[in-house]
$ cat my_file_29.txt   # compact mmCIF, C-alpha atoms
# COMPACT_ATOMS: atom_id res chain seq x y z
CA MET A 8 5.41 23.45 17.64
CA GLY A 9 5.97 19.71 18.19
CA LEU A 10 9.00 17.61 17.51
CA TYR A 11 7.88 17.14 13.88
CA GLY A 12 6.57 20.64 13.28
CA ASN A 13 8.72 21.25 10.19
CA ASN A 14 6.58 23.02 7.63
CA SER A 15 9.25 22.55 4.94
CA ILE A 16 8.25 18.90 4.48
CA GLU A 17 6.26 18.49 1.28
CA ARG A 18 3.27 16.24 1.86
CA LEU A 19 1.01 14.45 -0.60
CA SER A 20 -2.66 14.22 0.24
CA THR A 21 -4.13 10.73 0.34
CA GLY A 22 -7.37 12.11 -1.10
CA ILE A 23 -9.11 11.44 2.23
CA ARG A 24 -9.10 14.76 4.08
CA ASP A 25 -9.96 13.29 7.48
CA PHE A 26 -7.13 10.77 7.13
CA ASP A 27 -4.70 13.51 6.08
CA ARG A 28 -5.38 15.23 9.39
CA LEU A 29 -4.02 12.16 11.17
CA ILE A 30 -0.62 12.62 9.49
CA GLN A 31 -0.11 16.40 9.51
CA GLY A 32 -1.65 16.94 6.10
CA GLY A 33 -0.37 13.99 4.05
CA ILE A 34 2.40 11.53 3.29
CA PRO A 35 5.88 13.11 3.03
CA ARG A 36 7.10 13.19 -0.55
CA GLY A 37 9.38 10.27 -1.40
CA PHE A 38 8.08 8.00 1.35
CA PHE A 39 7.35 4.33 0.84
CA VAL A 40 4.36 3.43 2.99
CA ALA A 41 3.22 -0.10 3.81
CA VAL A 42 -0.56 -0.53 3.65
CA VAL A 43 -1.25 -3.78 5.44
CA GLY A 44 -4.22 -5.76 6.67
CA GLU A 45 -6.63 -8.57 6.03
CA PRO A 46 -8.58 -8.89 2.76
CA GLY A 47 -11.76 -6.84 2.62
CA THR A 48 -10.64 -4.12 4.99
CA GLY A 49 -10.36 -1.26 2.47
CA LYS A 50 -6.71 -1.30 1.42
CA THR A 51 -7.38 -1.19 -2.34
CA ILE A 52 -9.92 1.63 -2.03
CA PHE A 53 -7.46 3.58 0.12
CA CYS A 54 -4.87 3.20 -2.65
CA GLN A 55 -7.38 4.29 -5.29
CA HIS A 56 -8.07 7.46 -3.27
CA PHE A 57 -4.34 8.17 -3.36
CA ILE A 58 -4.14 7.72 -7.13
CA ALA A 59 -7.35 9.68 -7.80
CA GLU A 60 -5.92 12.60 -5.84
CA GLY A 61 -2.70 12.35 -7.83
CA ILE A 62 -4.68 12.57 -11.07
CA ARG A 63 -6.55 15.60 -9.73
CA VAL A 64 -3.41 17.54 -8.81
CA GLY A 65 -1.42 16.61 -11.93
CA ASP A 66 1.02 14.01 -10.58
CA LYS A 67 2.29 11.06 -12.63
CA ASN A 68 0.44 7.94 -11.47
CA ILE A 69 1.22 4.22 -11.71
CA TYR A 70 -0.97 1.48 -10.29
CA VAL A 71 0.29 -2.12 -10.30
CA THR A 72 -2.48 -4.67 -9.77
CA THR A 73 -1.69 -8.31 -9.04
CA GLU A 74 -4.97 -9.56 -7.57
CA GLU A 75 -7.53 -7.89 -9.85
CA SER A 76 -7.49 -7.16 -13.56
CA ARG A 77 -6.99 -3.67 -14.95
CA GLU A 78 -10.66 -3.55 -15.97
CA SER A 79 -11.73 -4.52 -12.46
CA ILE A 80 -9.70 -1.65 -10.97
CA ILE A 81 -11.22 0.79 -13.47
CA ARG A 82 -14.76 -0.40 -12.68
CA GLN A 83 -14.20 -0.24 -8.95
CA ALA A 84 -12.80 3.29 -9.18
CA ALA A 85 -15.85 4.36 -11.19
CA GLN A 86 -18.06 3.27 -8.28
CA PHE A 87 -16.51 6.03 -6.21
CA GLY A 88 -16.57 8.70 -8.92
CA TRP A 89 -13.02 8.36 -10.25
CA ASP A 90 -12.60 8.09 -14.02
CA PHE A 91 -9.41 6.05 -14.32
CA ARG A 92 -10.11 5.19 -17.96
CA LYS A 93 -10.11 8.86 -18.92
CA ALA A 94 -6.89 9.40 -16.96
CA ILE A 95 -5.27 6.52 -18.87
CA ASP A 96 -6.40 7.97 -22.21
CA GLU A 97 -5.01 11.38 -21.24
CA GLY A 98 -1.61 9.96 -20.24
CA LYS A 99 -2.02 10.71 -16.54
CA LEU A 100 -2.20 7.11 -15.32
CA VAL A 101 -0.71 3.74 -16.19
CA ILE A 102 -2.25 0.59 -14.72
CA ILE A 103 0.18 -2.32 -14.90
CA ASP A 104 -1.79 -5.55 -15.00
CA ALA A 105 0.04 -8.50 -13.44
CA LEU A 106 -3.03 -10.73 -13.39
CA MET A 107 -4.69 -10.68 -16.81
CA GLY A 108 -2.26 -8.81 -19.04
CA GLY A 109 -1.73 -10.40 -22.46
CA ARG A 110 1.51 -10.78 -24.35
CA ASP A 111 0.54 -7.94 -26.68
CA ASP A 112 -0.31 -5.63 -23.79
CA LEU A 113 2.45 -3.09 -23.22
CA TRP A 114 1.43 -2.45 -19.63
CA SER A 115 1.38 -5.96 -18.25
CA LEU A 116 3.66 -8.30 -16.35
CA HIS A 117 4.09 -11.75 -17.78
CA SER A 118 5.45 -13.19 -14.53
CA LEU A 119 5.55 -12.21 -10.89
CA ASP A 120 9.23 -11.41 -11.05
CA ILE A 121 10.54 -8.54 -8.94
CA GLU A 122 13.02 -7.32 -11.56
CA GLU A 123 10.34 -7.36 -14.27
CA LEU A 124 8.16 -5.32 -11.89
CA ILE A 125 10.87 -2.70 -11.36
CA ASN A 126 11.68 -2.44 -15.08
CA LYS A 127 8.02 -2.03 -16.02
CA ILE A 128 7.45 0.66 -13.40
CA ILE A 129 10.47 2.61 -14.65
CA GLU A 130 9.25 2.21 -18.24
CA ALA A 131 5.86 3.58 -17.22
CA LYS A 132 7.47 6.54 -15.43
CA LYS A 133 9.46 7.41 -18.55
CA TYR A 134 6.26 7.21 -20.61
CA LEU A 135 4.40 9.52 -18.22
CA GLY A 136 7.27 12.00 -18.17
CA TYR A 137 9.22 14.06 -15.68
CA GLY A 138 7.62 15.13 -12.41
CA ARG A 139 6.35 14.08 -9.03
CA ALA A 140 5.01 10.54 -9.18
CA ARG A 141 2.68 8.33 -7.18
CA LEU A 142 2.99 4.55 -7.17
CA VAL A 143 0.74 1.81 -5.84
CA VAL A 144 1.70 -1.88 -5.85
CA ASP A 145 -1.38 -3.89 -4.89
CA SER A 146 -0.09 -6.18 -3.66
CA MET A 147 3.56 -6.86 -2.99
CA SER A 148 2.64 -10.14 -1.30
CA ALA A 149 2.12 -11.76 -4.69
CA PHE A 150 5.84 -11.49 -5.46
CA TRP A 151 6.95 -13.70 -2.57
CA LEU A 152 4.06 -16.03 -1.84
CA ASP A 153 6.13 -18.99 -2.99
CA LYS A 154 9.31 -17.71 -1.30
CA PRO A 155 8.36 -15.75 1.85
CA ALA A 156 11.96 -15.76 3.05
CA MET A 157 12.72 -13.19 0.32
CA ALA A 158 10.10 -10.65 1.44
CA ARG A 159 12.49 -8.28 3.19
CA LYS A 160 15.14 -8.46 0.46
CA TYR A 161 12.59 -7.76 -2.30
CA SER A 162 11.02 -4.89 -0.35
CA TYR A 163 14.41 -3.27 0.20
CA TYR A 164 15.31 -3.68 -3.47
CA VAL A 165 12.07 -2.02 -4.63
CA LYS A 166 12.57 0.92 -2.29
CA ARG A 167 16.28 1.37 -3.08
CA VAL A 168 15.80 1.44 -6.85
CA LEU A 169 12.54 3.39 -7.12
CA THR A 170 13.45 6.11 -4.61
CA ARG A 171 15.67 7.58 -7.35
CA TRP A 172 12.61 8.10 -9.58
CA ASP A 173 10.74 10.56 -7.33
CA PHE A 174 8.04 8.11 -6.29
CA THR A 175 5.84 8.39 -3.26
CA ALA A 176 4.53 4.86 -2.92
CA LEU A 177 1.88 2.76 -1.23
CA LEU A 178 2.96 -0.87 -1.07
CA VAL A 179 0.12 -3.19 -0.12
CA SER A 180 0.61 -6.43 1.74
CA GLN A 181 -1.88 -8.93 3.06
CA TYR A 182 -2.20 -10.27 6.54
CA ALA A 183 -4.39 -13.36 6.90
CA VAL A 184 -5.17 -14.53 10.42
CA THR A 185 -6.85 -17.65 9.02
CA THR A 186 -3.50 -19.01 7.83
CA SER A 187 -1.58 -17.72 10.86
CA LEU A 188 0.90 -16.06 8.51
CA GLY A 189 1.86 -12.41 8.18
CA PHE A 190 2.81 -11.28 4.69
CA GLY A 191 3.50 -7.65 5.58
CA PHE A 192 6.67 -7.93 7.58
CA GLY A 193 9.12 -7.68 4.69
CA ILE A 194 7.61 -4.34 3.77
CA GLU A 195 7.20 -3.14 7.33
CA HIS A 196 10.93 -3.48 7.99
CA VAL A 197 11.85 -1.03 5.22
CA ALA A 198 8.78 1.22 5.11
CA ASP A 199 8.81 4.89 6.06
CA GLY A 200 5.23 4.53 7.25
CA ILE A 201 2.76 1.81 8.17
CA VAL A 202 -1.00 2.15 7.74
CA ARG A 203 -2.83 -0.88 9.11
CA PHE A 204 -6.40 -1.83 8.27
CA ARG A 205 -8.34 -4.18 10.54
CA ARG A 206 -11.78 -5.70 10.76
CA SER A 207 -14.01 -7.30 13.37
CA ILE A 208 -17.53 -8.53 13.84
CA ALA A 209 -19.37 -6.55 16.50
CA SER A 210 -23.06 -7.06 17.33
CA GLY A 211 -23.39 -9.12 14.17
CA TYR A 212 -21.97 -6.40 11.88
CA LEU A 213 -18.69 -6.21 10.00
CA ARG A 214 -16.70 -3.20 11.15
CA ARG A 215 -13.53 -1.85 9.57
CA TYR A 216 -10.77 0.16 11.22
CA VAL A 217 -7.56 1.97 10.34
CA ILE A 218 -4.60 3.08 12.42
CA VAL A 219 -1.34 4.83 11.52
CA GLU A 220 1.30 2.74 13.24
CA LYS A 221 4.30 4.59 11.87
CA MET A 222 5.02 7.71 9.81
CA ARG A 223 8.52 9.11 9.96
CA GLN A 224 8.98 12.89 10.30
CA THR A 225 5.34 13.10 11.33
CA GLU A 226 3.54 13.63 14.63
CA HIS A 227 0.74 11.26 13.71
CA ASP A 228 -2.49 10.40 15.50
CA LEU A 229 -2.11 7.28 17.66
CA ARG A 230 -5.79 6.34 17.77
CA MET A 231 -7.60 3.66 15.78
CA TYR A 232 -10.55 4.94 13.74
CA GLU A 233 -13.57 3.08 12.50
CA VAL A 234 -14.04 3.59 8.75
CA GLU A 235 -16.93 3.06 6.37
CA ILE A 236 -16.91 2.50 2.62
CA VAL A 237 -19.55 4.63 0.93
CA ASN A 238 -20.62 4.18 -2.69
CA GLY A 239 -19.85 7.31 -4.70
CA VAL A 240 -17.52 8.59 -1.98
CA GLY A 241 -14.98 5.93 -0.97
CA ILE A 242 -13.52 5.67 2.52
CA ARG A 243 -14.94 7.87 5.23
CA LEU A 244 -13.45 8.04 8.73
CA LYS A 245 -15.82 7.83 11.66
CA LYS A 246 -15.01 8.31 15.32
CA PRO A 247 -11.90 6.97 17.04
CA THR A 248 -12.59 3.70 18.82
CA PRO A 249 -11.40 2.64 22.26
CA MET A 250 -8.59 0.13 22.00
CA ARG A 251 -8.52 -3.18 23.78
CA ARG A 252 -5.44 -5.26 24.47
CA GLU A 253 -6.47 -7.76 21.80
CA ASP A 254 -6.63 -4.96 19.21
CA LEU A 255 -2.87 -4.58 19.41
CA ALA A 256 -1.69 -8.08 20.29
CA LEU A 257 -1.90 -10.97 17.87
CA PRO A 258 -3.01 -14.34 19.23
CA ARG A 259 -0.15 -16.35 20.74
CA ARG A 260 -0.45 -19.06 18.08
CA VAL A 261 0.05 -16.42 15.36
CA TRP A 262 3.15 -14.98 16.97
CA LEU A 263 4.62 -18.45 17.44
CA LYS A 264 3.97 -19.27 13.79
CA MET A 265 5.57 -16.02 12.64
CA LEU A 266 8.55 -16.58 14.93
CA GLU A 267 8.97 -20.03 13.43
CA SER A 268 8.77 -18.53 9.95
CA GLU A 269 11.40 -15.91 10.82
CA ILE A 270 13.77 -18.55 12.15
CA LEU A 271 13.37 -20.55 8.95
CA ARG A 272 13.90 -17.42 6.87
CA GLN A 273 17.16 -16.63 8.65
CA ALA A 274 18.30 -20.18 8.02
CA GLU A 275 17.37 -20.12 4.32
CA VAL A 276 18.74 -16.75 3.23
CA PRO A 277 22.54 -16.38 3.03
CA GLU A 278 23.89 -13.47 5.04
CA ASP A 279 25.18 -11.61 1.97
CA GLU A 280 21.68 -11.60 0.45
CA GLU A 281 20.34 -9.68 3.43
CA GLN A 282 22.67 -6.74 2.78
$ encode --input "my_file_29.txt" --output "structure tokens"
Amino acid sequence: MGLYGNNSIERLSTGIRDFDRLIQGGIPRGFFVAVVGEPGTGKTIFCQHFIAEGIRVGDKNIYVTTEESRESIIRQAAQFGWDFRKAIDEGKLVIIDALMGGRDDLWSLHSLDIEELINKIIEAKKYLGYGRARLVVDSMSAFWLDKPAMARKYSYYVKRVLTRWDFTALLVSQYAVTTSLGFGFGIEHVADGIVRFRRSIASGYLRRYVIVEKMRQTEHDLRMYEVEIVNGVGIRLKKPTPMRREDLALPRRVWLKMLESEILRQAEVPEDEEQ
């Protein structure tokens, strides 16, 4: 038995059996996991797997969407065989729309305000009722795009408040190399786990990858796996891929930009706000 061989830890399946094997069967209950990476790498589909599995096993499920409409999420899920509309009608799922929600829509956010987000999630949990709950926020980046210095504070606040409500959460954050800015680092500082999606062009083809960089209380696989997105199925893991130095190290210009951003953040945020 390894260092983390404690069978008493309750784990929630991600809905991707091959991925679950990388993390000793699933995400420990109550964990807040950062799902980070560039656009188009599979983060949203990974989150939909997690919610679809929650619906299947009878958990309470909340999906916050900031970059697609509720209808778009429902249509995308249907592509992979998940009937989110039926789950909504049966009171098993609430999709909080922060992009297209109207004023007369109960499950919408009218502004990208972190306190409004928390209050709406708690309202949805009360509506769904008592019991183990799954939460996806896709993405958290939207809440601090105009104030990146607040990323860590907001991430900590979300985790501190929602932990009391029996959530196991996937918090998505974008990383865009093209802008030389990382939007995941506020979440990564407070997360119990980090699942990173990557992409590259090899031999003229787009290839996608996933690696578990961190999962507390878990003896997780340290290898990067190529993944494919299959219509009617979702994400499927392929073989582990050999790592190169550049797979793990960001370009120097990116690190310098992020260091500059961190210095500015420390200068902008009063010390008492970081507590």
$ closest_residue --input "my_file_29.txt" --among "A:Lys132, A:Arg141, A:Arg167, A:Arg82" --to "Cys54 of chain A" --atoms "all atoms listed in the file"
A:Arg141
$ axis_aligned_box --input "my_file_29.txt" --around "segment 30-35 of chain A" --padding-each-side "4 Å" --output "lines of an AutoDock Vina configuration file"
center_x = 2.1
center_y = 14.2
center_z = 6.3
size_x = 15.5
size_y = 13.4
size_z = 14.5
$ closest_atom_pairs --input "my_file_29.txt" --of "segment 130-170 of chain A" --to "segment 16-37 of chain A" --cutoff "9 Å" --atoms "only C-alpha atoms" --output "CSV"
residue,atom,partner,partner_atom,distance
A:Arg139,CA,A:Arg36,CA,8.6
A:Ala140,CA,A:Gly37,CA,8.9
A:Thr170,CA,A:Gly37,CA,6.6
$ atom_distance --input "my_file_29.txt" --atom1 "atom CA of Glu220 of chain A" --atom2 "atom CA of Gly200 of chain A"
7.4 Å
$ atom_distance --input "my_file_29.txt" --atom1 "atom CA of Ala198 of chain A" --atom2 "atom CA of Leu100 of chain A"
23.9 Å
$ atom_distance --input "my_file_29.txt" --atom1 "atom CA of Val202 of chain A" --atom2 "atom CA of Glu60 of chain A"
17.8 Å
$ closest_residue --input "my_file_29.txt" --among "A:Phe53, A:Phe150, A:Gly136, A:Leu113" --to "Leu244 of chain A" --atoms "only C-alpha atoms"
A:Phe53
$ closest_residue --input "my_file_29.txt" --among "A:Asp66, A:Glu74, A:Asp120, A:Glu233" --to "Pro249 of chain A" --atoms "all atoms listed in the file"
A:Glu233
$ closest_residue --input "my_file_29.txt" --among "A:Ile81, A:Ala59, A:Ile103, A:Val240" --to "Ser146 of chain A" --atoms "all atoms listed in the file"
A:Ile103
$ residues_near_point --input "my_file_29.txt" --point "(-17.8, -4.1, 15.9)" --cutoff "12 Å" --atoms "only C-alpha atoms" --output "mmCIF file with C-alpha atoms, in the coordinates of the input"
data_model
loop_
_atom_site.group_PDB
_atom_site.id
_atom_site.type_symbol
_atom_site.label_atom_id
_atom_site.label_comp_id
_atom_site.auth_asym_id
_atom_site.auth_seq_id
_atom_site.Cartn_x
_atom_site.Cartn_y
_atom_site.Cartn_z
ATOM 1 C CA ARG A 205 -8.340 -4.180 10.540
ATOM 2 C CA ARG A 206 -11.780 -5.700 10.760
ATOM 3 C CA SER A 207 -14.010 -7.300 13.370
ATOM 4 C CA ILE A 208 -17.530 -8.530 13.840
ATOM 5 C CA ALA A 209 -19.370 -6.550 16.500
ATOM 6 C CA SER A 210 -23.060 -7.060 17.330
ATOM 7 C CA GLY A 211 -23.390 -9.120 14.170
ATOM 8 C CA TYR A 212 -21.970 -6.400 11.880
ATOM 9 C CA LEU A 213 -18.690 -6.210 10.000
ATOM 10 C CA ARG A 214 -16.700 -3.200 11.150
ATOM 11 C CA ARG A 215 -13.530 -1.850 9.570
ATOM 12 C CA TYR A 216 -10.770 0.160 11.220
ATOM 13 C CA TYR A 232 -10.550 4.940 13.740
ATOM 14 C CA GLU A 233 -13.570 3.080 12.500
ATOM 15 C CA VAL A 234 -14.040 3.590 8.750
ATOM 16 C CA GLU A 235 -16.930 3.060 6.370
ATOM 17 C CA THR A 248 -12.590 3.700 18.820
ATOM 18 C CA PRO A 249 -11.400 2.640 22.260
ATOM 19 C CA MET A 250 -8.590 0.130 22.000
ATOM 20 C CA ASP A 254 -6.630 -4.960 19.210
#
$ closest_residue --input "my_file_29.txt" --among "A:Arg203, A:Lys160, A:Arg63, A:Arg243" --to "Gln181 of chain A" --atoms "only C-alpha atoms"
A:Arg203
$ closest_residue --input "my_file_29.txt" --among "A:Phe57, A:Tyr137, A:Trp151, A:Phe87" --to "Asp173 of chain A" --atoms "only C-alpha atoms"
A:Tyr137
$ residues_around --input "my_file_29.txt" --residues "Phe91 of chain A" --least-positions-apart "6" --cutoff "12 Å" --atoms "only C-alpha atoms" --output "count of residues only"
26
